[in-house]
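Asker: What follows is run-v1.cif, made up of mmCIF, N, CA and C atoms:
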```
data_final
loop_
_atom_site.label_atom_id
_atom_site.label_comp_id
_atom_site.auth_asym_id
_atom_site.auth_seq_id
_atom_site.Cartn_x
_atom_site.Cartn_y
_atom_site.Cartn_z
N MET A 1 -30.86 -25.72 9.42
CA MET A 1 -30.14 -26.95 9.69
C MET A 1 -31.00 -28.13 9.25
N GLN A 2 -30.39 -29.11 8.59
CA GLN A 2 -31.13 -30.29 8.15
C GLN A 2 -31.63 -31.08 9.36
N LEU A 3 -32.77 -31.73 9.16
CA LEU A 3 -33.35 -32.48 10.28
C LEU A 3 -32.48 -33.64 10.71
N SER A 4 -31.73 -34.25 9.80
CA SER A 4 -30.85 -35.34 10.21
C SER A 4 -29.75 -34.81 11.14
N ARG A 5 -29.26 -33.63 10.88
CA ARG A 5 -28.26 -33.01 11.77
C ARG A 5 -28.89 -32.64 13.10
N GLN A 6 -30.12 -32.15 13.06
CA GLN A 6 -30.82 -31.82 14.30
C GLN A 6 -31.03 -33.07 15.15
N ALA A 7 -31.40 -34.18 14.51
CA ALA A 7 -31.60 -35.43 15.25
C ALA A 7 -30.29 -35.92 15.84
N LEU A 8 -29.21 -35.79 15.11
CA LEU A 8 -27.89 -36.17 15.62
C LEU A 8 -27.48 -35.26 16.78
N LEU A 9 -27.77 -33.98 16.66
CA LEU A 9 -27.48 -33.03 17.74
C LEU A 9 -28.30 -33.39 18.99
N LEU A 10 -29.55 -33.75 18.79
CA LEU A 10 -30.40 -34.15 19.91
C LEU A 10 -29.82 -35.36 20.64
N PHE A 11 -29.40 -36.36 19.88
CA PHE A 11 -28.81 -37.55 20.50
C PHE A 11 -27.50 -37.19 21.20
N SER A 12 -26.70 -36.34 20.59
CA SER A 12 -25.43 -35.92 21.19
C SER A 12 -25.64 -35.18 22.50
N LEU A 13 -26.62 -34.28 22.53
CA LEU A 13 -26.94 -33.57 23.76
C LEU A 13 -27.47 -34.52 24.83
N ASN A 14 -28.23 -35.52 24.42
CA ASN A 14 -28.73 -36.53 25.34
C ASN A 14 -27.56 -37.30 25.97
N PHE A 15 -26.59 -37.67 25.14
CA PHE A 15 -25.40 -38.37 25.63
C PHE A 15 -24.61 -37.49 26.60
N LEU A 16 -24.41 -36.23 26.23
CA LEU A 16 -23.68 -35.30 27.08
C LEU A 16 -24.40 -35.10 28.41
N ASP A 17 -25.71 -35.01 28.37
CA ASP A 17 -26.52 -34.89 29.59
C ASP A 17 -26.31 -36.10 30.49
N ALA A 18 -26.30 -37.30 29.90
CA ALA A 18 -26.12 -38.52 30.69
C ALA A 18 -24.75 -38.55 31.36
N VAL A 19 -23.71 -38.23 30.61
CA VAL A 19 -22.35 -38.26 31.15
C VAL A 19 -22.18 -37.21 32.25
N MET A 20 -22.69 -36.01 32.00
CA MET A 20 -22.56 -34.96 33.00
C MET A 20 -23.38 -35.27 34.25
N THR A 21 -24.55 -35.86 34.07
CA THR A 21 -25.36 -36.25 35.22
C THR A 21 -24.62 -37.28 36.07
N ILE A 22 -24.04 -38.28 35.43
CA ILE A 22 -23.26 -39.28 36.17
C ILE A 22 -22.13 -38.60 36.94
N TYR A 23 -21.44 -37.67 36.31
CA TYR A 23 -20.32 -36.98 36.96
C TYR A 23 -20.81 -36.19 38.18
N TRP A 24 -21.86 -35.37 38.00
CA TRP A 24 -22.35 -34.54 39.10
C TRP A 24 -22.86 -35.39 40.26
N VAL A 25 -23.61 -36.43 39.94
CA VAL A 25 -24.17 -37.29 40.99
C VAL A 25 -23.06 -38.06 41.70
N HIS A 26 -22.12 -38.62 40.93
CA HIS A 26 -21.02 -39.40 41.50
C HIS A 26 -20.18 -38.56 42.48
N ASN A 27 -19.99 -37.30 42.15
CA ASN A 27 -19.17 -36.43 42.98
C ASN A 27 -19.97 -35.65 44.02
N GLY A 28 -21.27 -35.91 44.12
CA GLY A 28 -22.10 -35.30 45.16
C GLY A 28 -22.51 -33.86 44.92
N PHE A 29 -22.40 -33.38 43.68
CA PHE A 29 -22.76 -32.01 43.38
C PHE A 29 -24.24 -31.85 43.05
N ALA A 30 -24.90 -32.93 42.66
CA ALA A 30 -26.30 -32.85 42.24
C ALA A 30 -26.95 -34.21 42.45
N SER A 31 -28.25 -34.22 42.27
CA SER A 31 -29.00 -35.48 42.29
C SER A 31 -29.86 -35.54 41.03
N GLU A 32 -30.24 -36.74 40.66
CA GLU A 32 -31.09 -36.92 39.47
C GLU A 32 -32.52 -36.55 39.85
N GLY A 33 -33.11 -35.65 39.08
CA GLY A 33 -34.46 -35.17 39.37
C GLY A 33 -35.55 -36.13 38.94
N ASN A 34 -35.32 -36.92 37.92
CA ASN A 34 -36.29 -37.89 37.42
C ASN A 34 -36.18 -39.16 38.28
N GLN A 35 -37.25 -39.51 38.97
CA GLN A 35 -37.20 -40.63 39.92
C GLN A 35 -36.92 -41.97 39.25
N LEU A 36 -37.45 -42.18 38.06
CA LEU A 36 -37.18 -43.42 37.34
C LEU A 36 -35.69 -43.51 37.00
N MET A 37 -35.15 -42.44 36.47
CA MET A 37 -33.73 -42.44 36.12
C MET A 37 -32.85 -42.48 37.37
N ALA A 38 -33.32 -41.88 38.46
CA ALA A 38 -32.57 -41.94 39.72
C ALA A 38 -32.46 -43.37 40.23
N SER A 39 -33.54 -44.14 40.09
CA SER A 39 -33.48 -45.53 40.52
C SER A 39 -32.56 -46.35 39.62
N LEU A 40 -32.53 -46.04 38.33
CA LEU A 40 -31.58 -46.70 37.43
C LEU A 40 -30.15 -46.31 37.77
N LEU A 41 -29.95 -45.06 38.13
CA LEU A 41 -28.62 -44.60 38.52
C LEU A 41 -28.17 -45.28 39.81
N ASP A 42 -29.12 -45.52 40.72
CA ASP A 42 -28.79 -46.26 41.94
C ASP A 42 -28.37 -47.70 41.63
N ALA A 43 -28.94 -48.25 40.55
CA ALA A 43 -28.60 -49.62 40.14
C ALA A 43 -27.21 -49.69 39.50
N GLY A 44 -26.72 -48.56 39.02
CA GLY A 44 -25.39 -48.53 38.41
C GLY A 44 -25.35 -47.59 37.22
N TYR A 45 -24.14 -47.25 36.83
CA TYR A 45 -23.98 -46.31 35.72
C TYR A 45 -24.35 -46.93 34.37
N ILE A 46 -24.06 -48.21 34.21
CA ILE A 46 -24.35 -48.87 32.92
C ILE A 46 -25.86 -48.93 32.65
N PRO A 47 -26.71 -49.38 33.62
CA PRO A 47 -28.15 -49.38 33.34
C PRO A 47 -28.68 -47.98 33.05
N PHE A 48 -28.21 -46.99 33.82
CA PHE A 48 -28.63 -45.60 33.60
C PHE A 48 -28.27 -45.14 32.20
N LEU A 49 -27.01 -45.34 31.83
CA LEU A 49 -26.54 -44.90 30.53
C LEU A 49 -27.24 -45.64 29.39
N ALA A 50 -27.46 -46.94 29.56
CA ALA A 50 -28.12 -47.74 28.51
C ALA A 50 -29.54 -47.25 28.26
N VAL A 51 -30.30 -47.04 29.33
CA VAL A 51 -31.69 -46.59 29.17
C VAL A 51 -31.72 -45.16 28.63
N LYS A 52 -30.88 -44.30 29.16
CA LYS A 52 -30.85 -42.90 28.72
C LYS A 52 -30.52 -42.81 27.23
N LEU A 53 -29.53 -43.57 26.79
CA LEU A 53 -29.16 -43.54 25.37
C LEU A 53 -30.20 -44.21 24.49
N ALA A 54 -30.82 -45.28 24.99
CA ALA A 54 -31.87 -45.95 24.21
C ALA A 54 -33.07 -45.03 24.00
N VAL A 55 -33.47 -44.34 25.04
CA VAL A 55 -34.60 -43.41 24.93
C VAL A 55 -34.23 -42.25 24.00
N GLY A 56 -33.02 -41.72 24.15
CA GLY A 56 -32.57 -40.63 23.27
C GLY A 56 -32.48 -41.05 21.82
N ALA A 57 -31.96 -42.25 21.58
CA ALA A 57 -31.85 -42.75 20.21
C ALA A 57 -33.23 -42.99 19.60
N ALA A 58 -34.14 -43.54 20.40
CA ALA A 58 -35.50 -43.78 19.91
C ALA A 58 -36.19 -42.47 19.56
N ALA A 59 -36.06 -41.48 20.44
CA ALA A 59 -36.70 -40.18 20.18
C ALA A 59 -36.12 -39.51 18.93
N ALA A 60 -34.80 -39.51 18.81
CA ALA A 60 -34.16 -38.90 17.64
C ALA A 60 -34.55 -39.63 16.36
N THR A 61 -34.60 -40.96 16.42
CA THR A 61 -34.96 -41.76 15.25
C THR A 61 -36.39 -41.51 14.81
N VAL A 62 -37.31 -41.50 15.77
CA VAL A 62 -38.72 -41.27 15.45
C VAL A 62 -38.91 -39.88 14.85
N LEU A 63 -38.30 -38.88 15.48
CA LEU A 63 -38.46 -37.51 14.97
C LEU A 63 -37.82 -37.35 13.59
N TRP A 64 -36.68 -38.02 13.37
CA TRP A 64 -36.04 -37.94 12.06
C TRP A 64 -36.84 -38.71 11.00
N HIS A 65 -37.34 -39.90 11.38
CA HIS A 65 -38.07 -40.74 10.41
C HIS A 65 -39.33 -40.03 9.89
N TRP A 66 -40.02 -39.34 10.77
CA TRP A 66 -41.24 -38.64 10.36
C TRP A 66 -40.98 -37.15 10.21
N SER A 67 -39.79 -36.81 9.73
CA SER A 67 -39.40 -35.41 9.63
C SER A 67 -40.22 -34.63 8.61
N ASN A 68 -40.93 -35.34 7.75
CA ASN A 68 -41.78 -34.64 6.78
C ASN A 68 -43.04 -34.07 7.44
N LEU A 69 -43.35 -34.52 8.64
CA LEU A 69 -44.53 -34.01 9.35
C LEU A 69 -44.17 -32.74 10.12
N ARG A 70 -45.08 -31.80 10.08
CA ARG A 70 -44.88 -30.53 10.77
C ARG A 70 -44.72 -30.75 12.28
N LEU A 71 -45.48 -31.67 12.85
CA LEU A 71 -45.40 -31.95 14.28
C LEU A 71 -44.02 -32.48 14.66
N ALA A 72 -43.42 -33.31 13.81
CA ALA A 72 -42.09 -33.83 14.09
C ALA A 72 -41.06 -32.70 14.07
N LYS A 73 -41.18 -31.79 13.12
CA LYS A 73 -40.26 -30.65 13.06
C LYS A 73 -40.39 -29.80 14.31
N PHE A 74 -41.61 -29.57 14.74
CA PHE A 74 -41.85 -28.80 15.96
C PHE A 74 -41.30 -29.55 17.17
N GLY A 75 -41.56 -30.85 17.24
CA GLY A 75 -41.09 -31.65 18.37
C GLY A 75 -39.58 -31.67 18.46
N LEU A 76 -38.91 -31.80 17.34
CA LEU A 76 -37.45 -31.81 17.32
C LEU A 76 -36.89 -30.45 17.76
N THR A 77 -37.49 -29.38 17.28
CA THR A 77 -37.06 -28.04 17.68
C THR A 77 -37.28 -27.83 19.18
N PHE A 78 -38.44 -28.24 19.67
CA PHE A 78 -38.75 -28.10 21.09
C PHE A 78 -37.78 -28.91 21.95
N ALA A 79 -37.49 -30.15 21.54
CA ALA A 79 -36.56 -31.00 22.29
C ALA A 79 -35.16 -30.39 22.31
N LEU A 80 -34.72 -29.82 21.19
CA LEU A 80 -33.40 -29.19 21.15
C LEU A 80 -33.34 -27.97 22.07
N ILE A 81 -34.39 -27.17 22.08
CA ILE A 81 -34.44 -26.01 22.97
C ILE A 81 -34.38 -26.47 24.43
N ALA A 82 -35.13 -27.52 24.75
CA ALA A 82 -35.12 -28.05 26.12
C ALA A 82 -33.74 -28.55 26.51
N TYR A 83 -33.09 -29.28 25.63
CA TYR A 83 -31.76 -29.81 25.93
C TYR A 83 -30.70 -28.71 26.01
N ILE A 84 -30.82 -27.69 25.20
CA ILE A 84 -29.89 -26.56 25.29
C ILE A 84 -30.08 -25.85 26.63
N GLY A 85 -31.33 -25.71 27.07
CA GLY A 85 -31.59 -25.16 28.40
C GLY A 85 -31.00 -26.04 29.49
N LEU A 86 -31.11 -27.34 29.31
CA LEU A 86 -30.54 -28.29 30.27
C LEU A 86 -29.02 -28.17 30.31
N MET A 87 -28.39 -27.91 29.18
CA MET A 87 -26.94 -27.70 29.17
C MET A 87 -26.59 -26.44 29.98
N GLY A 88 -27.47 -25.45 29.96
CA GLY A 88 -27.28 -24.27 30.80
C GLY A 88 -27.31 -24.62 32.28
N VAL A 89 -28.21 -25.52 32.65
CA VAL A 89 -28.28 -25.99 34.03
C VAL A 89 -26.99 -26.72 34.40
N HIS A 90 -26.50 -27.57 33.51
CA HIS A 90 -25.23 -28.26 33.76
C HIS A 90 -24.08 -27.25 33.89
N PHE A 91 -24.10 -26.21 33.08
CA PHE A 91 -23.06 -25.19 33.15
C PHE A 91 -23.09 -24.49 34.51
N LEU A 92 -24.28 -24.12 34.98
CA LEU A 92 -24.41 -23.48 36.29
C LEU A 92 -24.00 -24.43 37.40
N THR A 93 -24.33 -25.71 37.24
CA THR A 93 -23.91 -26.71 38.24
C THR A 93 -22.39 -26.77 38.30
N GLY A 94 -21.76 -26.76 37.16
CA GLY A 94 -20.30 -26.79 37.11
C GLY A 94 -19.68 -25.55 37.74
N LEU A 95 -20.24 -24.38 37.44
CA LEU A 95 -19.72 -23.15 38.03
C LEU A 95 -19.85 -23.19 39.56
N SER A 96 -20.98 -23.70 40.02
CA SER A 96 -21.19 -23.81 41.46
C SER A 96 -20.28 -24.86 42.08
N ALA A 97 -20.14 -26.00 41.43
CA ALA A 97 -19.34 -27.10 41.96
C ALA A 97 -17.88 -26.71 42.10
N PHE A 98 -17.38 -25.91 41.19
CA PHE A 98 -15.98 -25.52 41.22
C PHE A 98 -15.75 -24.18 41.90
N GLY A 99 -16.80 -23.64 42.54
CA GLY A 99 -16.66 -22.45 43.38
C GLY A 99 -16.64 -21.13 42.66
N PHE A 100 -17.09 -21.09 41.41
CA PHE A 100 -17.09 -19.82 40.68
C PHE A 100 -18.31 -18.97 40.98
N ILE A 101 -19.39 -19.58 41.43
CA ILE A 101 -20.56 -18.83 41.87
C ILE A 101 -21.02 -19.41 43.21
N SER A 102 -21.61 -18.56 44.02
CA SER A 102 -21.98 -18.97 45.37
C SER A 102 -23.31 -19.72 45.38
N GLU A 103 -23.53 -20.42 46.48
CA GLU A 103 -24.80 -21.14 46.65
C GLU A 103 -25.96 -20.16 46.74
N THR A 104 -25.72 -18.98 47.30
CA THR A 104 -26.75 -17.95 47.38
C THR A 104 -27.19 -17.52 45.98
N ALA A 105 -26.24 -17.36 45.08
CA ALA A 105 -26.58 -16.97 43.71
C ALA A 105 -27.41 -18.06 43.03
N ILE A 106 -27.06 -19.31 43.27
CA ILE A 106 -27.84 -20.42 42.70
C ILE A 106 -29.26 -20.41 43.27
N ASN A 107 -29.39 -20.21 44.57
CA ASN A 107 -30.71 -20.17 45.20
C ASN A 107 -31.54 -19.00 44.67
N ASN A 108 -30.91 -17.84 44.47
CA ASN A 108 -31.61 -16.69 43.91
C ASN A 108 -32.09 -16.99 42.49
N PHE A 109 -31.22 -17.62 41.69
CA PHE A 109 -31.60 -18.00 40.33
C PHE A 109 -32.75 -19.00 40.36
N SER A 110 -32.69 -19.95 41.28
CA SER A 110 -33.75 -20.95 41.41
C SER A 110 -35.08 -20.30 41.77
N ASP A 111 -35.05 -19.37 42.70
CA ASP A 111 -36.27 -18.65 43.09
C ASP A 111 -36.83 -17.86 41.92
N TRP A 112 -35.94 -17.20 41.16
CA TRP A 112 -36.37 -16.43 40.01
C TRP A 112 -37.00 -17.32 38.95
N SER A 113 -36.34 -18.46 38.67
CA SER A 113 -36.87 -19.35 37.63
C SER A 113 -38.19 -20.00 38.07
N ASN A 114 -38.32 -20.34 39.34
CA ASN A 114 -39.60 -20.89 39.84
C ASN A 114 -40.71 -19.87 39.70
N THR A 115 -40.42 -18.62 39.98
CA THR A 115 -41.42 -17.56 39.83
C THR A 115 -41.81 -17.40 38.36
N LEU A 116 -40.82 -17.44 37.49
CA LEU A 116 -41.08 -17.31 36.05
C LEU A 116 -41.97 -18.46 35.56
N PHE A 117 -41.62 -19.70 35.93
CA PHE A 117 -42.41 -20.85 35.47
C PHE A 117 -43.80 -20.84 36.08
N ALA A 118 -43.95 -20.38 37.31
CA ALA A 118 -45.27 -20.27 37.93
C ALA A 118 -46.12 -19.25 37.18
N PHE A 119 -45.50 -18.16 36.76
CA PHE A 119 -46.18 -17.12 36.01
C PHE A 119 -46.63 -17.64 34.65
N LEU A 120 -45.77 -18.44 33.99
CA LEU A 120 -46.08 -18.96 32.67
C LEU A 120 -47.10 -20.09 32.69
N SER A 121 -47.27 -20.73 33.83
CA SER A 121 -48.20 -21.87 33.92
C SER A 121 -49.63 -21.46 33.91
#
```
As structure tokens, what does this structure read like?
Answerer:
Amino acid sequence: MQLSRQALLLFSLNFLDAVMTIYWVHNGFASEGNQLMASLLDAGYIPFLAVKLAVGAAAATVLWHWSNLRLAKFGLTFALIAYIGLMGVHFLTGLSAFGFISETAINNFSDWSNTLFAFLS
């Protein structure tokens, strides 16, 4: 995939993350884990969305602009993997919010993932 498409995909996933976060938080299904973004979300949806999109656009632009550097290619790939993982979290949140999976299953998954990350650290 061309790096310009990857940068556009990164920005698109960032936008989707912002919209889904607003939806989950507004409806009481989740809370924002990043304290800075949580305080922006408390200030309103527009400040949260503006900062989230500005940071996403800046990151995608920087990574695309220096796409000839190996580090930028690695960074873009890493960011895409992280955002795709985050979309998985949003998917699980949605399944839980709409009653397709139980809270116990979410807690078991959380315990498993915490153990995995502790092992990898």
Asker: Might you pull out every residue within 8 Å of region 51-57 of chain A, with all atoms listed in the file counted and same-chain residues fewer than 6 positions away left off, and present them as a ChimeraX atom specification?
Answerer: /A:10-12,14-15,18,37,45,63
Asker: Of the residues A:Leu13, A:Ala105, A:Ile22, A:Ala7, which is the one nearest to Gly85 (chain A), using only C-alpha atoms?
Answerer: A:Leu13
Asker: One decimal, in Å: what's the spacing between CA of Leu9 (chain A) and CA of Ala59 (chain A)?
Answerer: 11.9 Å
Asker: Which of these, A:Val25, A:Ile46, A:Leu3, A:Ala118, has the shortest distance to Leu69 (chain A) once you count only C-alpha atoms?
Answerer: A:Leu3
Asker: To test your reading of the structure, identify every residue in region 1-92 of chain A that backbone DSSP assigns to helix (DSSP H, G or I), and report it as number ranges by chain.
Answerer: A: 3-26, 35-43, 45-65, 70-92
Asker: Once the PyMOL selection byres (((chain A and resi 41 and name CA) around 12) and name CA) has been applied to the shown file, what residues remain in the selection, as an NGL selection string?
Answerer: :A and (18-19 or 21-26 or 31-40 or 42-52)
Asker: Can you tell me how far CA of Ile81 (chain A) sits from CA of Ser67 (chain A), in Å to one decimal?
Answerer: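 CA of Ile81 (chain A) sits 17.1 Å away from CA of Ser67 (chain A).
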Asker: Considering only C-alpha atoms, can you say which of A:Phe29, A:Ala58, A:Phe117, A:Asp17 comes closest to Gly88 (chain A)?
Answerer: A:Asp17
Asker: Report, in Å with one decimal, the straight-line distance from CA of Met20 (chain A) to atom N of Leu86 (chain A).
Answerer: 12.0 Å
Asker: Once you've located region 89-106 of chain A in the structure I gave, write it as a CSV table (one decimal), in the first residue's frame, keeping N, CA and C atoms.
Answerer:
```csv
chain,number,residue,atom,x,y,z
A,89,VAL,N,-11.0,-2.9,20.1
A,89,VAL,CA,-11.5,-2.5,21.4
A,89,VAL,C,-12.9,-1.9,21.2
A,90,HIS,N,-13.0,-1.0,20.2
A,90,HIS,CA,-14.3,-0.4,20.0
A,90,HIS,C,-15.4,-1.4,19.6
A,91,PHE,N,-15.0,-2.4,18.8
A,91,PHE,CA,-15.9,-3.5,18.4
A,91,PHE,C,-16.4,-4.3,19.6
A,92,LEU,N,-15.4,-4.6,20.6
A,92,LEU,CA,-15.8,-5.3,21.8
A,92,LEU,C,-16.7,-4.5,22.7
A,93,THR,N,-16.4,-3.2,22.7
A,93,THR,CA,-17.3,-2.2,23.5
A,93,THR,C,-18.7,-2.3,22.9
A,94,GLY,N,-18.8,-2.2,21.6
A,94,GLY,CA,-20.1,-2.3,21.0
A,94,GLY,C,-20.8,-3.6,21.2
A,95,LEU,N,-20.1,-4.7,21.1
A,95,LEU,CA,-20.8,-6.0,21.4
A,95,LEU,C,-21.3,-6.0,22.9
A,96,SER,N,-20.5,-5.5,23.8
A,96,SER,CA,-20.9,-5.5,25.2
A,96,SER,C,-22.0,-4.5,25.4
A,97,ALA,N,-21.9,-3.3,24.8
A,97,ALA,CA,-23.0,-2.3,25.0
A,97,ALA,C,-24.3,-2.7,24.5
A,98,PHE,N,-24.4,-3.5,23.5
A,98,PHE,CA,-25.6,-4.0,22.9
A,98,PHE,C,-26.0,-5.4,23.4
A,99,GLY,N,-25.3,-5.9,24.4
A,99,GLY,CA,-25.7,-7.1,25.0
A,99,GLY,C,-25.3,-8.4,24.3
A,100,PHE,N,-24.4,-8.3,23.4
A,100,PHE,CA,-24.0,-9.6,22.6
A,100,PHE,C,-23.0,-10.4,23.4
A,101,ILE,N,-22.2,-9.7,24.3
A,101,ILE,CA,-21.3,-10.5,25.1
A,101,ILE,C,-21.4,-10.0,26.5
A,102,SER,N,-21.2,-10.8,27.5
A,102,SER,CA,-21.4,-10.5,28.9
A,102,SER,C,-20.3,-9.7,29.5
A,103,GLU,N,-20.5,-9.0,30.6
A,103,GLU,CA,-19.5,-8.3,31.3
A,103,GLU,C,-18.4,-9.2,31.8
A,104,THR,N,-18.8,-10.4,32.2
A,104,THR,CA,-17.8,-11.4,32.6
A,104,THR,C,-16.8,-11.7,31.5
A,105,ALA,N,-17.3,-11.9,30.3
A,105,ALA,CA,-16.4,-12.2,29.2
A,105,ALA,C,-15.5,-11.0,29.0
A,106,ILE,N,-15.9,-9.8,29.1
A,106,ILE,CA,-15.1,-8.6,28.9
A,106,ILE,C,-14.0,-8.6,30.0
```
